$ cat start_23.csv   # CSV, C-alpha atoms
chain,number,residue,atom,x,y,z
X,1,MET,CA,78.2,32.3,-39.4
X,2,ASN,CA,78.4,29.3,-41.7
X,3,ARG,CA,81.8,28.1,-42.7
X,4,ILE,CA,82.3,26.6,-46.1
X,5,LEU,CA,85.3,24.5,-47.2
X,6,ILE,CA,86.2,24.9,-50.9
X,7,ALA,CA,88.2,22.0,-52.3
X,8,GLU,CA,89.4,23.5,-55.6
X,9,ASP,CA,92.9,23.4,-57.2
X,10,GLU,CA,92.3,26.1,-59.8
X,11,PRO,CA,93.3,29.4,-58.0
X,12,ARG,CA,91.0,31.5,-60.2
X,13,ILE,CA,87.9,29.5,-59.5
X,14,ALA,CA,88.8,29.2,-55.8
X,15,SER,CA,89.3,33.0,-55.5
X,16,PHE,CA,86.0,33.6,-57.3
X,17,LEU,CA,84.1,31.3,-55.0
X,18,GLN,CA,85.7,32.8,-51.9
X,19,LYS,CA,84.9,36.4,-52.9
X,20,GLY,CA,81.3,35.6,-53.8
X,21,LEU,CA,80.6,33.6,-50.6
X,22,LYS,CA,82.3,36.1,-48.3
X,23,ALA,CA,80.2,38.9,-49.9
X,24,ASN,CA,77.2,36.9,-48.9
X,25,GLY,CA,78.2,36.5,-45.3
X,26,PHE,CA,80.0,33.1,-45.3
X,27,THR,CA,83.4,32.3,-43.9
X,28,THR,CA,85.5,30.3,-46.2
X,29,ALA,CA,88.7,28.2,-46.4
X,30,VAL,CA,90.4,26.6,-49.4
X,31,ALA,CA,92.0,23.2,-49.9
X,32,SER,CA,94.0,22.8,-53.1
X,33,ASN,CA,94.3,19.0,-53.1
X,34,GLY,CA,92.4,16.0,-52.0
X,35,ASP,CA,94.5,15.1,-49.0
X,36,GLU,CA,94.3,18.6,-47.6
X,37,ALA,CA,90.5,18.6,-48.2
X,38,LEU,CA,90.1,15.4,-46.2
X,39,PHE,CA,92.3,16.6,-43.4
X,40,MET,CA,90.4,19.9,-43.1
X,41,ALA,CA,87.0,18.3,-43.4
X,42,PHE,CA,87.8,15.8,-40.6
X,43,SER,CA,89.7,18.2,-38.3
X,44,ASP,CA,87.8,21.5,-38.5
X,45,GLU,CA,84.3,22.7,-38.1
X,46,PHE,CA,82.7,23.3,-41.5
X,47,ASP,CA,79.0,23.5,-42.4
X,48,LEU,CA,79.4,22.6,-46.1
X,49,LEU,CA,82.0,21.4,-48.6
X,50,ILE,CA,82.2,22.5,-52.3
X,51,LEU,CA,84.2,19.7,-53.9
X,52,ASP,CA,85.9,19.7,-57.2
X,53,ILE,CA,86.3,16.3,-58.8
X,54,GLY,CA,89.7,17.0,-60.6
X,55,LEU,CA,91.8,17.5,-57.5
X,56,PRO,CA,95.5,16.5,-57.4
X,57,GLY,CA,96.4,13.7,-55.0
X,58,LYS,CA,93.2,12.1,-54.0
X,59,ASN,CA,90.6,13.1,-56.5
X,60,GLY,CA,87.1,14.3,-55.6
X,61,TRP,CA,85.5,10.8,-56.0
X,62,GLU,CA,88.0,9.4,-53.4
X,63,VAL,CA,87.4,12.3,-51.0
X,64,LEU,CA,83.7,11.8,-51.2
X,65,GLU,CA,84.0,8.1,-50.7
X,66,GLU,CA,86.3,8.5,-47.7
X,67,LEU,CA,84.1,11.1,-46.0
X,68,ARG,CA,80.9,9.2,-46.4
X,69,GLY,CA,82.7,5.9,-45.5
X,70,GLN,CA,83.7,7.5,-42.2
X,71,GLY,CA,80.2,8.6,-41.5
X,72,GLU,CA,80.8,12.3,-42.1
X,73,LEU,CA,77.4,14.0,-42.7
X,74,LEU,CA,78.7,17.3,-43.9
X,75,PRO,CA,76.7,18.5,-46.9
X,76,ILE,CA,78.7,18.2,-50.1
X,77,ILE,CA,78.2,19.9,-53.4
X,78,ILE,CA,80.2,18.5,-56.2
X,79,LEU,CA,81.6,21.1,-58.7
X,80,SER,CA,82.8,19.5,-61.9
X,81,ALA,CA,83.4,20.1,-65.6
X,82,CYS,CA,81.9,16.7,-66.2
X,83,ASP,CA,78.3,17.0,-67.3
X,84,ASP,CA,77.7,13.4,-68.2
X,85,VAL,CA,74.6,11.9,-66.6
X,86,GLN,CA,76.6,8.9,-65.4
X,87,ASP,CA,79.0,11.2,-63.5
X,88,LYS,CA,76.1,12.9,-61.8
X,89,VAL,CA,74.5,9.6,-60.9
X,90,THR,CA,77.9,8.4,-59.5
X,91,GLY,CA,78.3,11.5,-57.4
X,92,LEU,CA,74.8,11.4,-56.0
X,93,GLU,CA,74.9,7.7,-55.5
X,94,GLY,CA,78.2,8.2,-53.6
X,95,GLY,CA,76.5,10.5,-51.1
X,96,ALA,CA,76.9,14.0,-52.6
X,97,ASP,CA,74.0,16.3,-51.8
X,98,ASP,CA,74.1,18.2,-55.1
X,99,TYR,CA,76.1,18.4,-58.4
X,100,VAL,CA,76.9,21.6,-60.2
X,101,THR,CA,78.6,21.6,-63.6
X,102,LYS,CA,81.2,24.1,-64.8
X,103,PRO,CA,80.8,26.7,-66.1
X,104,PHE,CA,78.2,27.8,-63.6
X,105,ARG,CA,76.4,30.9,-62.5
X,106,PHE,CA,77.3,32.0,-59.0
X,107,GLU,CA,73.7,32.9,-58.2
X,108,GLU,CA,72.6,29.3,-58.8
X,109,LEU,CA,75.5,27.8,-56.8
X,110,LEU,CA,74.7,30.3,-53.9
X,111,ALA,CA,71.0,29.2,-54.0
X,112,ARG,CA,72.1,25.5,-53.8
X,113,VAL,CA,74.5,26.3,-50.9
X,114,ARG,CA,71.7,28.0,-48.9
X,115,LEU,CA,69.3,25.1,-49.6
X,116,ARG,CA,71.7,22.5,-48.4
X,117,LEU,CA,72.6,24.5,-45.3
X,118,ARG,CA,69.0,25.0,-44.5
X,119,ASP,CA,68.3,21.2,-44.8
X,120,TYR,CA,71.4,20.4,-42.7
X,121,HIS,CA,70.5,22.6,-39.8
X,122,LEU,CA,66.8,21.9,-39.9
X,123,PRO,CA,65.9,20.9,-36.3
X,124,GLN,CA,64.5,17.4,-35.9
X,125,ARG,CA,63.2,15.6,-32.9
X,126,LYS,CA,64.6,12.2,-32.0
X,127,ASP,CA,61.4,10.4,-32.8
X,128,GLU,CA,61.3,12.0,-36.3
X,129,MET,CA,64.6,10.2,-37.1
X,130,ILE,CA,63.0,6.8,-37.0
X,131,LEU,CA,60.6,5.7,-39.7
X,132,CYS,CA,58.6,2.5,-39.5
X,133,ALA,CA,56.2,0.7,-41.8
X,134,GLY,CA,55.2,-2.9,-41.2
X,135,ASP,CA,58.4,-4.7,-40.2
X,136,ILE,CA,60.7,-2.2,-42.0
X,137,LEU,CA,62.6,0.4,-39.9
X,138,LEU,CA,64.8,3.2,-41.1
X,139,ASP,CA,67.1,5.0,-38.7
X,140,LEU,CA,67.7,8.3,-40.5
X,141,ARG,CA,70.5,9.5,-38.1
X,142,ALA,CA,72.5,6.3,-38.3
X,143,ARG,CA,71.5,5.6,-41.9
X,144,LYS,CA,70.6,2.0,-41.0
X,145,ALA,CA,67.8,-0.1,-42.3
X,146,LYS,CA,66.2,-3.1,-40.6
X,147,VAL,CA,63.7,-5.7,-41.6
X,148,GLY,CA,62.3,-7.6,-38.6
X,149,ASP,CA,65.5,-8.4,-36.7
X,150,ARG,CA,67.8,-8.3,-39.7
X,151,TYR,CA,69.9,-5.2,-40.6
X,152,ILE,CA,70.1,-4.5,-44.3
X,153,GLU,CA,72.8,-2.8,-46.2
X,154,LEU,CA,71.4,-0.1,-48.5
X,155,ALA,CA,73.3,2.1,-50.9
X,156,ALA,CA,72.8,5.9,-50.5
X,157,ARG,CA,70.2,6.2,-53.2
X,158,GLU,CA,68.4,3.0,-52.1
X,159,PHE,CA,68.2,4.4,-48.6
X,160,THR,CA,66.8,7.7,-49.9
X,161,LEU,CA,64.2,5.9,-52.0
X,162,ALA,CA,63.2,3.7,-49.0
X,163,GLU,CA,62.9,6.9,-46.9
X,164,THR,CA,60.6,8.5,-49.5
X,165,PHE,CA,58.3,5.5,-49.4
X,166,LEU,CA,58.2,5.3,-45.6
X,167,ARG,CA,57.4,9.0,-45.4
X,168,HIS,CA,54.3,8.3,-47.6
X,169,PRO,CA,53.0,4.9,-46.4
X,170,GLY,CA,50.1,3.6,-48.5
X,171,GLN,CA,50.3,6.5,-50.9
X,172,VAL,CA,50.8,5.9,-54.6
X,173,LEU,CA,53.9,7.8,-55.8
X,174,SER,CA,54.5,8.4,-59.5
X,175,ARG,CA,57.8,7.8,-61.2
X,176,GLU,CA,58.1,11.6,-61.6
X,177,GLN,CA,57.5,12.2,-57.9
X,178,LEU,CA,60.2,9.7,-57.0
X,179,LEU,CA,62.7,11.2,-59.5
X,180,SER,CA,62.1,14.6,-57.9
X,181,HIS,CA,62.4,13.4,-54.3
X,182,VAL,CA,65.3,11.0,-54.7
X,183,TRP,CA,67.4,12.1,-57.6
X,184,GLY,CA,66.7,15.8,-57.4
X,185,TYR,CA,67.2,16.7,-61.0
X,186,ASP,CA,65.6,16.0,-64.4
X,187,TYR,CA,66.0,12.7,-66.0
X,188,ASP,CA,64.9,11.6,-69.5
X,189,PRO,CA,61.2,10.7,-69.0
X,190,THR,CA,61.9,7.4,-70.7
X,191,SER,CA,64.5,6.4,-68.1
X,192,ASN,CA,63.8,3.3,-66.1
X,193,ILE,CA,66.0,4.3,-63.1
X,194,VAL,CA,63.1,4.3,-60.7
X,195,ASP,CA,62.0,0.8,-61.8
X,196,VAL,CA,65.6,-0.4,-61.4
X,197,TYR,CA,65.9,0.9,-57.8
X,198,VAL,CA,62.5,-0.3,-56.8
X,199,GLY,CA,63.7,-3.7,-57.9
X,200,TYR,CA,66.8,-3.3,-55.7
X,201,LEU,CA,64.6,-2.5,-52.7
X,202,ARG,CA,62.3,-5.5,-53.3
X,203,LYS,CA,65.3,-7.8,-53.3
X,204,LYS,CA,66.6,-6.3,-50.0
X,205,LEU,CA,63.5,-5.4,-48.1
X,206,GLY,CA,61.1,-8.1,-49.4
X,207,SER,CA,59.5,-8.9,-52.7
X,208,ASP,CA,56.1,-7.8,-51.6
X,209,CYS,CA,57.1,-4.6,-49.8
X,210,ILE,CA,56.4,-2.3,-52.8
X,211,GLU,CA,53.4,-2.7,-55.0
X,212,THR,CA,53.2,-1.7,-58.6
X,213,VAL,CA,50.1,0.4,-59.4
X,214,ARG,CA,49.7,0.0,-63.1
X,215,GLY,CA,49.8,3.3,-65.0
X,216,MET,CA,50.3,5.3,-61.8
X,217,GLY,CA,53.5,4.4,-60.0
X,218,TYR,CA,54.4,2.5,-56.8
X,219,ARG,CA,53.0,2.1,-53.3
X,220,LEU,CA,54.6,0.9,-50.1
X,221,HIS,CA,52.6,-1.9,-48.4
X,222,THR,CA,51.7,-1.0,-44.7
$ encode --input "start_23.csv" --output "structure tokens"
Amino acid sequence: MNRILIAEDEPRIASFLQKGLKANGFTTAVASNGDEALFMAFSDEFDLLILDIGLPGKNGWEVLEELRGQGELLPIIILSACDDVQDKVTGLEGGADDYVTKPFRFEELLARVRLRLRDYHLPQRKDEMILCAGDILLDLRARKAKVGDRYIELAAREFTLAETFLRHPGQVLSREQLLSHVWGYDYDPTSNIVDVYVGYLRKKLGSDCIETVRGMGYRLHT
């Protein structure tokens, strides 16, 4: 049975989430502030964290940063009243697996919980955790990147973008495909976020590692 930690300081919302999740077969626990959420996430066995941003004490951003900074791989779904695109980008860039805005429909949240749990528990062989293309290597388990004999620091979204390219070596990927695989939610089609992050990868992995295919998208050199 999957255990879900709910970090939420509003009793009404916390109770609503507990009742709904328990009715669907989950075991739950509630943390009402950021320090408690961190303590429970690090000291107990949970399969997923639903994280409110506006927590007292350490806020949700600080909780997220500390968990990911300590290498905690627990799936995290941010639950926030902030629906600004930049807040969503900040959360996903910081290592959150999903972002749900308040008010929300429980059915949607439940579907996202099940999806993240499925991905988290998906069995993977050891050799499937290492991706290579040319002199670029990604260790998916350790979240490390290497070019030749040099280790490269990649931000969370940079790493996911690199992983997407290495899973499709030599294949042209459109901006729309990259948005769907890496960011996971709709952007303004005029956004240049993909181009910006491709530029980041070129600076870190090599200027010639990703080719621009005019009018179509990008392709990783192999």
$ atom_distance --input "start_23.csv" --atom1 "CA of Thr28 (chain X)" --atom2 "CA of Phe46 (chain X)"
8.9 Å
$ residues_around --input "start_23.csv" --residues "Thr90 (chain X)" --least-positions-apart "5" --cutoff "12 Å" --atoms "all atoms listed in the file" --output "list in words"
Ile53, Gly60, Trp61, Glu62, Leu64, Glu65, Ile78, Cys82, Asp83, Asp84, Val85, Gly95, Ala96, Asp97, Asp98, Tyr99, Ala155, Ala156, Arg157 and Trp183 of chain X
$ atom_distance --input "start_23.csv" --atom1 "CA of Arg3 (chain X)" --atom2 "CA of Arg68 (chain X)"
19.3 Å
$ atom_distance --input "start_23.csv" --atom1 "CA of Gly199 (chain X)" --atom2 "CA of His221 (chain X)"
14.7 Å
$ closest_residue --input "start_23.csv" --among "X:Leu79, X:Asp195, X:Val172, X:Leu131" --to "Phe159 (chain X)" --atoms "only C-alpha atoms"
X:Leu131
$ residues_around --input "start_23.csv" --residues "region 11-14 of chain X" --least-positions-apart "2" --cutoff "10 Å" --atoms "only C-alpha atoms" --output "ChimeraX atom specification"
/X:6-9,16-19,29-32
$ closest_residue --input "start_23.csv" --among "X:Glu66, X:Asp119, X:Glu158, X:Asp139" --to "Phe42 (chain X)" --atoms "all atoms listed in the file"
X:Glu66
$ residues_near_point --input "start_23.csv" --point "(78.8, 24.0, -61.8)" --cutoff "10 Å" --atoms "all atoms listed in the file" --output "PyMOL selection string"
chain X and resi 52+77-83+99-106+108-109
$ closest_residue --input "start_23.csv" --among "X:Lys204, X:Leu21, X:Glu10, X:Leu5" --to "Ala145 (chain X)" --atoms "all atoms listed in the file"
X:Lys204
$ decode --input "start_23.csv" --residues "region 145-190 of chain X" --atoms "N, CA and C atoms" --output "PDB file, in the first residue's frame"
ATOM      1  N   ALA X 145      26.087  13.925 -15.197  1.00  0.00           N
ATOM      2  CA  ALA X 145      26.414  14.015 -16.616  1.00  0.00           C
ATOM      3  C   ALA X 145      27.925  14.053 -16.778  1.00  0.00           C
ATOM      4  N   LYS X 146      28.389  13.449 -17.872  1.00  0.00           N
ATOM      5  CA  LYS X 146      29.822  13.396 -18.116  1.00  0.00           C
ATOM      6  C   LYS X 146      30.080  13.577 -19.605  1.00  0.00           C
ATOM      7  N   VAL X 147      31.057  14.405 -19.939  1.00  0.00           N
ATOM      8  CA  VAL X 147      31.499  14.574 -21.316  1.00  0.00           C
ATOM      9  C   VAL X 147      32.974  14.199 -21.357  1.00  0.00           C
ATOM     10  N   GLY X 148      33.276  13.103 -22.056  1.00  0.00           N
ATOM     11  CA  GLY X 148      34.645  12.596 -22.012  1.00  0.00           C
ATOM     12  C   GLY X 148      34.986  12.176 -20.597  1.00  0.00           C
ATOM     13  N   ASP X 149      36.034  12.788 -20.046  1.00  0.00           N
ATOM     14  CA  ASP X 149      36.404  12.475 -18.663  1.00  0.00           C
ATOM     15  C   ASP X 149      36.022  13.581 -17.693  1.00  0.00           C
ATOM     16  N   ARG X 150      35.155  14.509 -18.147  1.00  0.00           N
ATOM     17  CA  ARG X 150      34.765  15.645 -17.309  1.00  0.00           C
ATOM     18  C   ARG X 150      33.313  15.484 -16.843  1.00  0.00           C
ATOM     19  N   TYR X 151      33.075  15.643 -15.538  1.00  0.00           N
ATOM     20  CA  TYR X 151      31.714  15.691 -15.019  1.00  0.00           C
ATOM     21  C   TYR X 151      31.160  17.101 -15.184  1.00  0.00           C
ATOM     22  N   ILE X 152      29.902  17.184 -15.603  1.00  0.00           N
ATOM     23  CA  ILE X 152      29.248  18.456 -15.900  1.00  0.00           C
ATOM     24  C   ILE X 152      28.062  18.643 -14.971  1.00  0.00           C
ATOM     25  N   GLU X 153      27.939  19.827 -14.391  1.00  0.00           N
ATOM     26  CA  GLU X 153      26.785  20.145 -13.546  1.00  0.00           C
ATOM     27  C   GLU X 153      25.616  20.580 -14.425  1.00  0.00           C
ATOM     28  N   LEU X 154      24.513  19.864 -14.327  1.00  0.00           N
ATOM     29  CA  LEU X 154      23.308  20.219 -15.066  1.00  0.00           C
ATOM     30  C   LEU X 154      22.170  20.488 -14.090  1.00  0.00           C
ATOM     31  N   ALA X 155      21.426  21.564 -14.313  1.00  0.00           N
ATOM     32  CA  ALA X 155      20.216  21.829 -13.538  1.00  0.00           C
ATOM     33  C   ALA X 155      19.179  20.753 -13.872  1.00  0.00           C
ATOM     34  N   ALA X 156      18.150  20.649 -13.032  1.00  0.00           N
ATOM     35  CA  ALA X 156      17.168  19.572 -13.186  1.00  0.00           C
ATOM     36  C   ALA X 156      16.542  19.547 -14.572  1.00  0.00           C
ATOM     37  N   ARG X 157      16.122  20.691 -15.074  1.00  0.00           N
ATOM     38  CA  ARG X 157      15.467  20.724 -16.377  1.00  0.00           C
ATOM     39  C   ARG X 157      16.473  20.508 -17.509  1.00  0.00           C
ATOM     40  N   GLU X 158      17.692  20.963 -17.336  1.00  0.00           N
ATOM     41  CA  GLU X 158      18.743  20.700 -18.326  1.00  0.00           C
ATOM     42  C   GLU X 158      19.002  19.194 -18.425  1.00  0.00           C
ATOM     43  N   PHE X 159      19.049  18.531 -17.276  1.00  0.00           N
ATOM     44  CA  PHE X 159      19.303  17.091 -17.253  1.00  0.00           C
ATOM     45  C   PHE X 159      18.177  16.350 -17.980  1.00  0.00           C
ATOM     46  N   THR X 160      16.927  16.738 -17.717  1.00  0.00           N
ATOM     47  CA  THR X 160      15.794  16.068 -18.352  1.00  0.00           C
ATOM     48  C   THR X 160      15.796  16.288 -19.855  1.00  0.00           C
ATOM     49  N   LEU X 161      16.166  17.490 -20.287  1.00  0.00           N
ATOM     50  CA  LEU X 161      16.256  17.765 -21.720  1.00  0.00           C
ATOM     51  C   LEU X 161      17.363  16.919 -22.358  1.00  0.00           C
ATOM     52  N   ALA X 162      18.514  16.845 -21.696  1.00  0.00           N
ATOM     53  CA  ALA X 162      19.611  16.014 -22.201  1.00  0.00           C
ATOM     54  C   ALA X 162      19.182  14.552 -22.281  1.00  0.00           C
ATOM     55  N   GLU X 163      18.468  14.080 -21.263  1.00  0.00           N
ATOM     56  CA  GLU X 163      17.979  12.700 -21.263  1.00  0.00           C
ATOM     57  C   GLU X 163      17.057  12.444 -22.449  1.00  0.00           C
ATOM     58  N   THR X 164      16.185  13.397 -22.748  1.00  0.00           N
ATOM     59  CA  THR X 164      15.265  13.245 -23.874  1.00  0.00           C
ATOM     60  C   THR X 164      16.033  13.104 -25.182  1.00  0.00           C
ATOM     61  N   PHE X 165      17.057  13.919 -25.373  1.00  0.00           N
ATOM     62  CA  PHE X 165      17.869  13.822 -26.586  1.00  0.00           C
ATOM     63  C   PHE X 165      18.603  12.473 -26.650  1.00  0.00           C
ATOM     64  N   LEU X 166      19.168  12.034 -25.516  1.00  0.00           N
ATOM     65  CA  LEU X 166      19.937  10.793 -25.534  1.00  0.00           C
ATOM     66  C   LEU X 166      19.062   9.556 -25.701  1.00  0.00           C
ATOM     67  N   ARG X 167      17.797   9.677 -25.383  1.00  0.00           N
ATOM     68  CA  ARG X 167      16.869   8.564 -25.608  1.00  0.00           C
ATOM     69  C   ARG X 167      16.421   8.501 -27.070  1.00  0.00           C
ATOM     70  N   HIS X 168      16.696   9.567 -27.817  1.00  0.00           N
ATOM     71  CA  HIS X 168      16.301   9.613 -29.232  1.00  0.00           C
ATOM     72  C   HIS X 168      17.489  10.078 -30.077  1.00  0.00           C
ATOM     73  N   PRO X 169      18.619   9.366 -30.018  1.00  0.00           N
ATOM     74  CA  PRO X 169      19.822   9.817 -30.734  1.00  0.00           C
ATOM     75  C   PRO X 169      19.606   9.841 -32.244  1.00  0.00           C
ATOM     76  N   GLY X 170      20.021  10.938 -32.864  1.00  0.00           N
ATOM     77  CA  GLY X 170      19.905  11.063 -34.306  1.00  0.00           C
ATOM     78  C   GLY X 170      18.512  11.396 -34.808  1.00  0.00           C
ATOM     79  N   GLN X 171      17.543  11.470 -33.917  1.00  0.00           N
ATOM     80  CA  GLN X 171      16.161  11.741 -34.302  1.00  0.00           C
ATOM     81  C   GLN X 171      15.861  13.226 -34.159  1.00  0.00           C
ATOM     82  N   VAL X 172      15.173  13.786 -35.147  1.00  0.00           N
ATOM     83  CA  VAL X 172      14.766  15.182 -35.060  1.00  0.00           C
ATOM     84  C   VAL X 172      13.580  15.294 -34.114  1.00  0.00           C
ATOM     85  N   LEU X 173      13.714  16.125 -33.100  1.00  0.00           N
ATOM     86  CA  LEU X 173      12.650  16.351 -32.121  1.00  0.00           C
ATOM     87  C   LEU X 173      12.142  17.771 -32.277  1.00  0.00           C
ATOM     88  N   SER X 174      10.846  17.917 -32.443  1.00  0.00           N
ATOM     89  CA  SER X 174      10.265  19.245 -32.600  1.00  0.00           C
ATOM     90  C   SER X 174      10.222  19.961 -31.262  1.00  0.00           C
ATOM     91  N   ARG X 175      10.045  21.269 -31.303  1.00  0.00           N
ATOM     92  CA  ARG X 175       9.906  22.037 -30.061  1.00  0.00           C
ATOM     93  C   ARG X 175       8.707  21.553 -29.266  1.00  0.00           C
ATOM     94  N   GLU X 176       7.619  21.200 -29.958  1.00  0.00           N
ATOM     95  CA  GLU X 176       6.415  20.728 -29.273  1.00  0.00           C
ATOM     96  C   GLU X 176       6.683  19.402 -28.556  1.00  0.00           C
ATOM     97  N   GLN X 177       7.421  18.511 -29.188  1.00  0.00           N
ATOM     98  CA  GLN X 177       7.769  17.240 -28.536  1.00  0.00           C
ATOM     99  C   GLN X 177       8.630  17.470 -27.304  1.00  0.00           C
ATOM    100  N   LEU X 178       9.586  18.370 -27.418  1.00  0.00           N
ATOM    101  CA  LEU X 178      10.469  18.640 -26.281  1.00  0.00           C
ATOM    102  C   LEU X 178       9.709  19.296 -25.140  1.00  0.00           C
ATOM    103  N   LEU X 179       8.786  20.196 -25.444  1.00  0.00           N
ATOM    104  CA  LEU X 179       7.953  20.804 -24.404  1.00  0.00           C
ATOM    105  C   LEU X 179       7.159  19.731 -23.666  1.00  0.00           C
ATOM    106  N   SER X 180       6.578  18.811 -24.416  1.00  0.00           N
ATOM    107  CA  SER X 180       5.753  17.763 -23.815  1.00  0.00           C
ATOM    108  C   SER X 180       6.585  16.827 -22.955  1.00  0.00           C
ATOM    109  N   HIS X 181       7.767  16.409 -23.451  1.00  0.00           N
ATOM    110  CA  HIS X 181       8.594  15.455 -22.718  1.00  0.00           C
ATOM    111  C   HIS X 181       9.263  16.070 -21.496  1.00  0.00           C
ATOM    112  N   VAL X 182       9.696  17.317 -21.619  1.00  0.00           N
ATOM    113  CA  VAL X 182      10.545  17.901 -20.580  1.00  0.00           C
ATOM    114  C   VAL X 182       9.754  18.744 -19.590  1.00  0.00           C
ATOM    115  N   TRP X 183       8.851  19.567 -20.102  1.00  0.00           N
ATOM    116  CA  TRP X 183       8.135  20.470 -19.192  1.00  0.00           C
ATOM    117  C   TRP X 183       6.783  19.918 -18.765  1.00  0.00           C
ATOM    118  N   GLY X 184       6.175  19.068 -19.586  1.00  0.00           N
ATOM    119  CA  GLY X 184       5.005  18.322 -19.153  1.00  0.00           C
ATOM    120  C   GLY X 184       3.711  19.095 -19.089  1.00  0.00           C
ATOM    121  N   TYR X 185       3.699  20.334 -19.495  1.00  0.00           N
ATOM    122  CA  TYR X 185       2.440  21.076 -19.548  1.00  0.00           C
ATOM    123  C   TYR X 185       2.548  22.107 -20.648  1.00  0.00           C
ATOM    124  N   ASP X 186       1.387  22.659 -21.048  1.00  0.00           N
ATOM    125  CA  ASP X 186       1.342  23.531 -22.220  1.00  0.00           C
ATOM    126  C   ASP X 186       2.008  24.864 -21.967  1.00  0.00           C
ATOM    127  N   TYR X 187       2.779  25.276 -22.947  1.00  0.00           N
ATOM    128  CA  TYR X 187       3.381  26.605 -22.965  1.00  0.00           C
ATOM    129  C   TYR X 187       2.755  27.399 -24.100  1.00  0.00           C
ATOM    130  N   ASP X 188       2.892  28.704 -24.039  1.00  0.00           N
ATOM    131  CA  ASP X 188       2.570  29.543 -25.172  1.00  0.00           C
ATOM    132  C   ASP X 188       3.413  29.067 -26.350  1.00  0.00           C
ATOM    133  N   PRO X 189       2.790  28.739 -27.491  1.00  0.00           N
ATOM    134  CA  PRO X 189       3.558  28.228 -28.631  1.00  0.00           C
ATOM    135  C   PRO X 189       4.626  29.191 -29.125  1.00  0.00           C
ATOM    136  N   THR X 190       4.518  30.456 -28.746  1.00  0.00           N
ATOM    137  CA  THR X 190       5.547  31.428 -29.147  1.00  0.00           C
ATOM    138  C   THR X 190       6.717  31.469 -28.161  1.00  0.00           C
TER     139      THR X 190
END
